[in-house]
Structures are given as C-alpha cells and as structure tokens.
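Asker: One file is attached below, coords.cif, containing mmCIF, C-alpha atoms.
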data_upload
loop_
_atom_site.group_PDB
_atom_site.id
_atom_site.type_symbol
_atom_site.label_atom_id
_atom_site.label_comp_id
_atom_site.auth_asym_id
_atom_site.auth_seq_id
_atom_site.Cartn_x
_atom_site.Cartn_y
_atom_site.Cartn_z
ATOM 1 C CA SER A 1 4.783 7.796 -6.759
ATOM 2 C CA MET A 2 7.700 10.182 -6.673
ATOM 3 C CA ALA A 3 10.212 7.753 -8.233
ATOM 4 C CA VAL A 4 8.428 7.612 -11.577
ATOM 5 C CA THR A 5 7.520 11.290 -11.505
ATOM 6 C CA LYS A 6 11.174 12.164 -10.884
ATOM 7 C CA GLU A 7 12.174 10.134 -13.959
ATOM 8 C CA ARG A 8 9.628 12.061 -15.970
ATOM 9 C CA GLU A 9 10.782 15.458 -14.692
ATOM 10 C CA MET A 10 14.428 14.661 -15.361
ATOM 11 C CA GLY A 11 13.647 13.404 -18.856
ATOM 12 C CA THR A 12 15.054 9.944 -18.195
ATOM 13 C CA LEU A 13 11.655 8.235 -18.482
ATOM 14 C CA GLU A 14 11.785 8.712 -22.247
ATOM 15 C CA GLN A 15 15.207 7.023 -22.258
ATOM 16 C CA LEU A 16 13.739 4.113 -20.288
ATOM 17 C CA ILE A 17 10.813 3.874 -22.711
ATOM 18 C CA VAL A 18 13.067 3.562 -25.788
ATOM 19 C CA SER A 19 15.387 1.084 -24.049
ATOM 20 C CA PRO A 20 14.888 -2.629 -24.767
ATOM 21 C CA ILE A 21 13.191 -3.304 -21.412
ATOM 22 C CA LYS A 22 9.506 -4.151 -21.288
ATOM 23 C CA PRO A 23 7.025 -1.980 -19.348
ATOM 24 C CA TRP A 24 6.494 -4.684 -16.707
ATOM 25 C CA GLU A 25 10.283 -4.855 -16.176
ATOM 26 C CA LEU A 26 10.351 -1.099 -15.645
ATOM 27 C CA ILE A 27 7.511 -1.351 -13.129
ATOM 28 C CA LEU A 28 9.252 -4.218 -11.327
ATOM 29 C CA GLY A 29 12.531 -2.321 -11.267
ATOM 30 C CA LYS A 30 10.826 0.675 -9.716
ATOM 31 C CA THR A 31 8.858 -1.302 -7.107
ATOM 32 C CA ILE A 32 11.209 -4.061 -5.870
ATOM 33 C CA PRO A 33 13.430 -1.694 -3.846
ATOM 34 C CA PHE A 34 10.343 -0.276 -2.131
ATOM 35 C CA VAL A 35 9.050 -3.777 -1.346
ATOM 36 C CA PHE A 36 12.398 -4.478 0.313
ATOM 37 C CA ILE A 37 12.249 -1.200 2.254
ATOM 38 C CA GLY A 38 8.660 -1.939 3.281
ATOM 39 C CA PHE A 39 9.659 -5.338 4.629
ATOM 40 C CA CYS A 40 12.607 -3.849 6.500
ATOM 41 C CA ASP A 41 10.129 -1.418 8.067
ATOM 42 C CA VAL A 42 7.802 -4.272 9.061
ATOM 43 C CA VAL A 43 10.658 -6.205 10.693
ATOM 44 C CA LEU A 44 11.924 -3.063 12.443
ATOM 45 C CA ILE A 45 8.495 -2.102 13.777
ATOM 46 C CA ILE A 46 7.637 -5.613 14.976
ATOM 47 C CA SER A 47 11.055 -5.935 16.637
ATOM 48 C CA ALA A 48 10.716 -2.526 18.312
ATOM 49 C CA GLY A 49 7.196 -3.359 19.428
ATOM 50 C CA LYS A 50 8.404 -6.599 21.016
ATOM 51 C CA LEU A 51 11.689 -5.366 22.486
ATOM 52 C CA ILE A 52 10.758 -1.847 23.605
ATOM 53 C CA PHE A 53 7.016 -2.043 24.294
ATOM 54 C CA ASP A 54 6.701 -5.778 25.026
ATOM 55 C CA VAL A 55 3.902 -6.210 22.477
ATOM 56 C CA PRO A 56 2.992 -9.896 22.470
ATOM 57 C CA ILE A 57 3.339 -11.892 19.283
ATOM 58 C CA ARG A 58 0.681 -14.565 19.620
ATOM 59 C CA GLY A 59 0.146 -15.345 15.947
ATOM 60 C CA ASN A 60 2.146 -16.753 13.077
ATOM 61 C CA LEU A 61 4.862 -14.351 11.890
ATOM 62 C CA LEU A 62 4.899 -15.926 8.429
ATOM 63 C CA PHE A 63 1.195 -15.155 8.065
ATOM 64 C CA LEU A 64 1.850 -11.607 9.290
ATOM 65 C CA PHE A 65 4.585 -11.142 6.676
ATOM 66 C CA GLY A 66 2.255 -12.482 3.985
ATOM 67 C CA VAL A 67 -0.430 -9.950 4.936
ATOM 68 C CA ALA A 68 2.225 -7.217 5.093
ATOM 69 C CA LEU A 69 3.438 -8.152 1.594
ATOM 70 C CA LEU A 70 -0.112 -7.899 0.301
ATOM 71 C CA PHE A 71 -0.494 -4.461 1.891
ATOM 72 C CA VAL A 72 2.887 -3.215 0.628
ATOM 73 C CA LEU A 73 2.069 -4.317 -2.932
ATOM 74 C CA THR A 74 -1.320 -2.604 -2.699
ATOM 75 C CA THR A 75 0.188 0.678 -1.542
ATOM 76 C CA LEU A 76 2.920 0.489 -4.186
ATOM 77 C CA SER A 77 0.267 0.003 -6.868
ATOM 78 C CA LEU A 78 -1.578 3.046 -5.543
ATOM 79 C CA GLY A 79 1.710 4.964 -5.605
ATOM 80 C CA LEU A 80 2.290 3.959 -9.217
ATOM 81 C CA PHE A 81 -1.229 5.121 -10.075
ATOM 82 C CA ILE A 82 -0.555 8.468 -8.378
ATOM 83 C CA SER A 83 2.639 8.832 -10.414
ATOM 84 C CA THR A 84 0.656 8.455 -13.642
ATOM 85 C CA ILE A 85 -1.749 11.253 -12.745
ATOM 86 C CA SER A 86 0.936 13.608 -11.414
ATOM 87 C CA ARG A 87 3.057 15.859 -13.588
ATOM 88 C CA THR A 88 5.653 16.866 -10.973
ATOM 89 C CA GLN A 89 7.209 15.414 -7.831
ATOM 90 C CA GLN A 90 5.494 18.079 -5.758
ATOM 91 C CA GLN A 91 2.132 17.095 -7.217
ATOM 92 C CA ALA A 92 2.847 13.425 -6.523
ATOM 93 C CA MET A 93 3.858 14.187 -2.936
ATOM 94 C CA MET A 94 0.759 16.299 -2.273
ATOM 95 C CA THR A 95 -1.534 13.706 -3.863
ATOM 96 C CA ALA A 96 0.031 10.917 -1.797
ATOM 97 C CA PHE A 97 -0.345 13.061 1.331
ATOM 98 C CA PHE A 98 -3.975 13.726 0.408
ATOM 99 C CA PHE A 99 -4.610 9.967 0.340
ATOM 100 C CA ALA A 100 -2.359 8.937 3.257
ATOM 101 C CA MET A 101 -3.719 11.267 5.933
ATOM 102 C CA PRO A 102 -7.408 10.341 5.540
ATOM 103 C CA ALA A 103 -6.406 6.679 5.209
ATOM 104 C CA MET A 104 -4.681 6.776 8.591
ATOM 105 C CA LEU A 105 -7.493 8.694 10.255
ATOM 106 C CA LEU A 106 -10.140 6.354 8.843
ATOM 107 C CA SER A 107 -8.295 3.094 9.512
ATOM 108 C CA GLY A 108 -9.374 2.517 13.087
ATOM 109 C CA ILE A 109 -5.835 3.018 14.401
ATOM 110 C CA PHE A 110 -6.551 6.265 16.235
ATOM 111 C CA SER A 111 -10.227 5.811 17.052
ATOM 112 C CA PRO A 112 -12.522 2.808 16.693
ATOM 113 C CA ILE A 113 -14.461 2.659 13.448
ATOM 114 C CA GLU A 114 -17.576 1.713 15.423
ATOM 115 C CA ASN A 115 -17.481 5.160 17.094
ATOM 116 C CA MET A 116 -17.437 7.008 13.769
ATOM 117 C CA PRO A 117 -20.630 8.320 12.140
ATOM 118 C CA ARG A 118 -22.396 5.696 10.007
ATOM 119 C CA ILE A 119 -21.530 7.399 6.680
ATOM 120 C CA ILE A 120 -17.839 7.554 7.640
ATOM 121 C CA GLN A 121 -17.962 3.873 8.613
ATOM 122 C CA GLN A 122 -19.119 3.115 5.067
ATOM 123 C CA ILE A 123 -16.280 5.198 3.596
ATOM 124 C CA THR A 124 -13.721 3.225 5.643
ATOM 125 C CA LEU A 125 -14.687 0.139 3.658
ATOM 126 C CA LEU A 126 -12.667 1.665 0.782
ATOM 127 C CA ASN A 127 -9.522 1.952 2.898
ATOM 128 C CA PRO A 128 -6.911 -0.846 2.608
ATOM 129 C CA LEU A 129 -5.237 0.319 5.839
ATOM 130 C CA ARG A 130 -8.426 -0.544 7.727
ATOM 131 C CA TYR A 131 -8.104 -4.198 6.746
ATOM 132 C CA PHE A 132 -4.354 -4.320 7.325
ATOM 133 C CA SER A 133 -4.547 -2.812 10.820
ATOM 134 C CA THR A 134 -7.356 -5.209 11.778
ATOM 135 C CA ALA A 135 -5.294 -8.154 10.522
ATOM 136 C CA VAL A 136 -2.138 -7.023 12.334
ATOM 137 C CA ARG A 137 -4.010 -6.594 15.619
ATOM 138 C CA GLY A 138 -5.643 -9.975 15.163
ATOM 139 C CA ILE A 139 -2.371 -11.745 14.389
ATOM 140 C CA LEU A 140 -0.193 -10.087 17.026
ATOM 141 C CA LEU A 141 -2.577 -9.691 19.940
ATOM 142 C CA LYS A 142 -5.114 -12.506 19.465
ATOM 143 C CA GLY A 143 -3.173 -15.116 17.511
ATOM 144 C CA ASN A 144 -5.796 -15.200 14.755
ATOM 145 C CA ASP A 145 -5.113 -17.129 11.582
ATOM 146 C CA ILE A 146 -6.505 -17.158 8.044
ATOM 147 C CA SER A 147 -9.700 -18.922 9.165
ATOM 148 C CA ILE A 148 -10.668 -15.801 11.117
ATOM 149 C CA LEU A 149 -8.935 -13.066 9.123
ATOM 150 C CA TRP A 150 -9.904 -14.245 5.625
ATOM 151 C CA PRO A 151 -12.245 -11.239 5.053
ATOM 152 C CA GLN A 152 -9.365 -8.812 5.690
ATOM 153 C CA VAL A 153 -6.953 -10.824 3.524
ATOM 154 C CA LEU A 154 -9.530 -11.085 0.743
ATOM 155 C CA ALA A 155 -10.217 -7.330 0.887
ATOM 156 C CA LEU A 156 -6.478 -6.557 0.694
ATOM 157 C CA PHE A 157 -6.144 -8.980 -2.219
ATOM 158 C CA ILE A 158 -9.027 -7.336 -4.090
ATOM 159 C CA PHE A 159 -7.626 -3.861 -3.418
ATOM 160 C CA GLY A 160 -4.187 -5.024 -4.567
ATOM 161 C CA ILE A 161 -5.442 -6.571 -7.797
ATOM 162 C CA THR A 162 -7.686 -3.589 -8.559
ATOM 163 C CA ALA A 163 -4.926 -1.052 -7.861
ATOM 164 C CA SER A 164 -2.449 -3.081 -9.936
ATOM 165 C CA VAL A 165 -4.794 -3.318 -12.899
ATOM 166 C CA PHE A 166 -5.693 0.385 -12.834
ATOM 167 C CA SER A 167 -2.099 1.504 -12.356
ATOM 168 C CA SER A 168 -0.822 -0.839 -15.094
ATOM 169 C CA LEU A 169 -3.463 0.331 -17.573
ATOM 170 C CA ARG A 170 -2.844 3.948 -16.689
ATOM 171 C CA PHE A 171 0.934 3.445 -16.817
ATOM 172 C CA LYS A 172 0.722 1.899 -20.300
ATOM 173 C CA LYS A 173 -1.388 4.850 -21.456
ATOM 174 C CA TYR A 174 1.086 7.166 -19.695
ATOM 175 C CA LEU A 175 4.008 5.587 -21.581
ATOM 176 C CA GLU A 176 2.211 5.973 -24.915
#
Take the structure from the file and write it as structure tokens.
Answerer:
Amino acid sequence: SMAVTKEREMGTLEQLIVSPIKPWELILGKTIPFVFIGFCDVVLIISAGKLIFDVPIRGNLLFLFGVALLFVLTTLSLGLFISTISRTQQQAMMTAFFFAMPAMLLSGIFSPIENMPRIIQQITLLNPLRYFSTAVRGILLKGNDISILWPQVLALFIFGITASVFSSLRFKKYLE
C-alpha cells in the first residue's frame, strides 16, 4: 500500500500515468517484487521451522507454495486497495496496521477460533489469514491435500478475486 502512495506523494504517479504503460502493467510492476519477497519469506520461514524448531513437513510443498501464492496475491490486492483510499504513506501504514492486527488476532494463530465468542467466530469468516493458517497447519502437520483443504483454498481464491476486482476498479478510478 505504501509503494503506490509514495509515488503519489512524490508526484511520480502522474508521470507513470502519462507514460505509455497500461494500468495493468503499472499494477504488475508494483506487485511482482512483493510477490518475490513474499515467496522468499515463505521459504525462509519453512526452512527455519524445519531446521531450528524441527517442524515436520508431512504434506506436499508444491501445494503449500500454491496456497501461499494465493494468500500473497490476496494480501497484495488488499494493499493496493488501501493505497487507493490513502492520501499519504502514513495513512497507508496506519490503515494497513488497522487491518493487520485484527487479522492476526482473529486468525486462530494465537487462540483457537472455537474458543472465541460466537459473534467473533462469525467475523473471522471474513479474514483470509484464518483460511491460510488452517491450510498451512493442515499441509505441514497433517499432510492434508486439496481434497481436504478445498474449502480454505476456495475461500482464499474468492477473497483474492474479490480484492483484485475492487482494488483494480478503485485504482482505475484513482488514476482518473
């Protein structure tokens, strides 16, 4: 979210808009480096988990990377959406923080979702991190595959498509 907002603050977004590149090329150019960084993070965390903490890897790593790619693209789309509603980098950072902290707390990572009040359990259904963390646990610890984790993969896919559509529409309006 901060990458696009920084371009806007510096005045270089207008230069990008009048350049011969298409809006989708601009979006791709802004997101591909973060996809790469996200994947480096996934590899680093899985390696550290295995080497330092002896976390078992019982499932298919290719499937895990596919789910991770889906999650990274979803979060990048949300970041792009945040950049279109933010005027400054500070606003983008605070908005991202506002979404990230509750997402982590309501993902089931720190405390089981089943132990949360019923209304909070319903709110967690709107959290992509909930589905990603369930899938990662299932793949790494239980060796689950798509036949078991299809609801989580489908939810991440729907969140990704929805976030992409909203951020693209908002970004086009933002460019105009």
Asker: What lies within 8 Å of Phe39 in chain A using only C-alpha atoms, ignoring chain neighbours under 3 positions off, as a PDB file with C-alpha atoms, in the coordinates of the input?
Answerer:
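What ended up in out01.pdb:
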ATOM      1  CA  VAL A  35       9.050  -3.777  -1.346  1.00  0.00           C
ATOM      2  CA  PHE A  36      12.398  -4.478   0.313  1.00  0.00           C
ATOM      3  CA  VAL A  42       7.802  -4.272   9.061  1.00  0.00           C
ATOM      4  CA  VAL A  43      10.658  -6.205  10.693  1.00  0.00           C
ATOM      5  CA  PHE A  65       4.585 -11.142   6.676  1.00  0.00           C
ATOM      6  CA  ALA A  68       2.225  -7.217   5.093  1.00  0.00           C
ATOM      7  CA  LEU A  69       3.438  -8.152   1.594  1.00  0.00           C
TER       8      LEU A  69
END
Asker: For Phe81 in chain A, which residue among A:Leu62, A:Ile27, A:Ala48, A:Leu156 is the nearest when counting only C-alpha atoms?
Answerer: A:Ile27
Asker: Rounded to one decimal place, report the CA of Pro151 in chain A-CA of Ala135 in chain A distance in Å.
Answerer: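 Here the two named atoms are 9.4 Å from each other.
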Asker: Name the residues in contact with range 140-146 of chain A at a cut-off of 6 Å, using all atoms listed in the file, excluding same-chain residues fewer than 3 positions from it; report them as an MDAnalysis selection string.
Answerer: chainID A and resid 57:59 136:137 149:150
Asker: Rounded to one decimal place, report the CA of Ala96 in chain A-CA of Phe159 in chain A distance in Å.
Answerer: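 CA of Phe159 in chain A lies at a distance of 16.7 Å from CA of Ala96 in chain A.
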Asker: With all atoms listed in the file as the counted atoms, please give the residues lying no more than 8 Å from Phe71 in chain A, apart from itself and same-chain residues fewer than 3 positions off, as number ranges by chain.
Answerer: A: 67-68, 74-75, 128-129, 132, 156, 160
Asker: Emit as lines of an AutoDock Vina configuration file the padded axis-aligned box for all listed atoms of range 58-67 of chain A, 4 Å per side, with centre and edge lengths in Å to one decimal.
Answerer:
center_x = 2.2
center_y = -13.4
center_z = 11.8
size_x = 13.3
size_y = 14.8
size_z = 23.6
Asker: Point out the residue among A:Ser133, A:Ser77, A:Ser147, A:Ser107 with the least atom-to-atom distance to Ile161 in chain A, counting only C-alpha atoms.
Answerer: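 Closest to Ile161 in chain A of all the choices is A:Ser77.
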Asker: Could I get range 16-27 of chain A rebuilt with N, CA, C and O atoms, written as an mmCIF file, in the coordinates of the input?
Answerer:
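As a result, out-v4.cif now contains:
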data_model
loop_
_atom_site.group_PDB
_atom_site.id
_atom_site.type_symbol
_atom_site.label_atom_id
_atom_site.label_comp_id
_atom_site.auth_asym_id
_atom_site.auth_seq_id
_atom_site.Cartn_x
_atom_site.Cartn_y
_atom_site.Cartn_z
ATOM 1 N N LEU A 16 14.156 5.449 -20.728
ATOM 2 C CA LEU A 16 13.739 4.113 -20.288
ATOM 3 C C LEU A 16 12.723 3.509 -21.251
ATOM 4 O O LEU A 16 12.736 2.311 -21.507
ATOM 5 N N ILE A 17 11.848 4.354 -21.798
ATOM 6 C CA ILE A 17 10.813 3.874 -22.711
ATOM 7 C C ILE A 17 11.429 3.326 -23.997
ATOM 8 O O ILE A 17 10.998 2.295 -24.507
ATOM 9 N N VAL A 18 12.445 4.008 -24.538
ATOM 10 C CA VAL A 18 13.067 3.562 -25.788
ATOM 11 C C VAL A 18 14.115 2.479 -25.567
ATOM 12 O O VAL A 18 14.626 1.914 -26.531
ATOM 13 N N SER A 19 14.435 2.167 -24.328
ATOM 14 C CA SER A 19 15.387 1.084 -24.049
ATOM 15 C C SER A 19 14.704 -0.255 -24.320
ATOM 16 O O SER A 19 13.480 -0.335 -24.428
ATOM 17 N N PRO A 20 15.478 -1.326 -24.413
ATOM 18 C CA PRO A 20 14.888 -2.629 -24.767
ATOM 19 C C PRO A 20 14.094 -3.308 -23.631
ATOM 20 O O PRO A 20 13.614 -4.416 -23.827
ATOM 21 N N ILE A 21 13.951 -2.666 -22.491
ATOM 22 C CA ILE A 21 13.191 -3.304 -21.412
ATOM 23 C C ILE A 21 11.692 -3.182 -21.665
ATOM 24 O O ILE A 21 11.228 -2.252 -22.313
ATOM 25 N N LYS A 22 10.967 -4.147 -21.150
ATOM 26 C CA LYS A 22 9.506 -4.151 -21.288
ATOM 27 C C LYS A 22 8.891 -3.307 -20.171
ATOM 28 O O LYS A 22 9.521 -3.104 -19.132
ATOM 29 N N PRO A 23 7.661 -2.804 -20.381
ATOM 30 C CA PRO A 23 7.025 -1.980 -19.348
ATOM 31 C C PRO A 23 6.917 -2.677 -17.989
ATOM 32 O O PRO A 23 7.140 -2.064 -16.958
ATOM 33 N N TRP A 24 6.611 -3.985 -17.987
ATOM 34 C CA TRP A 24 6.494 -4.684 -16.707
ATOM 35 C C TRP A 24 7.841 -4.777 -16.000
ATOM 36 O O TRP A 24 7.913 -4.775 -14.769
ATOM 37 N N GLU A 25 8.945 -4.840 -16.777
ATOM 38 C CA GLU A 25 10.283 -4.855 -16.176
ATOM 39 C C GLU A 25 10.597 -3.503 -15.548
ATOM 40 O O GLU A 25 11.209 -3.436 -14.477
ATOM 41 N N LEU A 26 10.170 -2.439 -16.205
ATOM 42 C CA LEU A 26 10.351 -1.099 -15.645
ATOM 43 C C LEU A 26 9.580 -0.960 -14.341
ATOM 44 O O LEU A 26 10.121 -0.469 -13.340
ATOM 45 N N ILE A 27 8.339 -1.428 -14.342
ATOM 46 C CA ILE A 27 7.511 -1.351 -13.129
ATOM 47 C C ILE A 27 8.147 -2.171 -12.008
ATOM 48 O O ILE A 27 8.244 -1.713 -10.867
#
